[in-house]
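J.: Take this structure, written in structure tokens, and hold onto it; I'll ask about it next.
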Amino acid sequence: MERDRDTLGMEEIDILAIGLLLTAPMMSDYEMRCILGKLKKIAKKKKVASYKSINEILDEWANKAYHLTMKY
């Protein structure tokens, strides 16, 4: 049961990060730098649970956001 809560939390983190990336085209340069800082902090939390590097996590989120924009 404890593992299920951790997995659910990571899925929520992924959804939050991808949602932030989906709004990126409408952001100014300053806003984008702020969001990137937030995404790096979120990726650090996910890194603890997944053993991936922060850049791999950011790339994964960017890839998912890209595929979602191409889908709709």
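Each chain of the structure tokens is named A, B, ... in the order shown, its residues numbered from 1; ligands are numbered from 1 in display order.
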Do you know which residues are at most 8 Å from stretch 59-62 of chain A counting only C-alpha atoms, after dropping those on the same chain fewer than 2 positions away, and could you put them as a list in words?
T.: Asp14, Ala17, Ile18, Leu21, Asn55, Glu56, Ile57, Lys64, Ala65 and Tyr66 of chain A
J.: Find the residues near A:Lys38: any atom within 12 Å, counting only C-alpha atoms, skip ones fewer than 6 places away on the same chain, and give them as a PyMOL selection string.
T.: chain A and resi 13+16-17+20-21+31-32+44-45+58
J.: Write to file, as a PDB file, in the first residue's frame, the residues of the selection just made, with C-alpha atoms.
T.:
```
ATOM      1  CA  ILE A  13       4.441  15.078 -10.426  1.00  0.00           C
ATOM      2  CA  LEU A  16       2.194  18.760 -13.164  1.00  0.00           C
ATOM      3  CA  ALA A  17       5.506  19.017 -15.032  1.00  0.00           C
ATOM      4  CA  LEU A  20       3.789  23.385 -17.154  1.00  0.00           C
ATOM      5  CA  LEU A  21       5.620  22.481 -20.354  1.00  0.00           C
ATOM      6  CA  GLU A  31       8.641  33.127 -17.226  1.00  0.00           C
ATOM      7  CA  MET A  32      10.268  30.222 -19.034  1.00  0.00           C
ATOM      8  CA  LYS A  44      15.245  16.409  -8.155  1.00  0.00           C
ATOM      9  CA  LYS A  45      12.370  15.009  -6.082  1.00  0.00           C
ATOM     10  CA  LEU A  58      13.374  16.716 -18.056  1.00  0.00           C
TER      11      LEU A  58
END
```
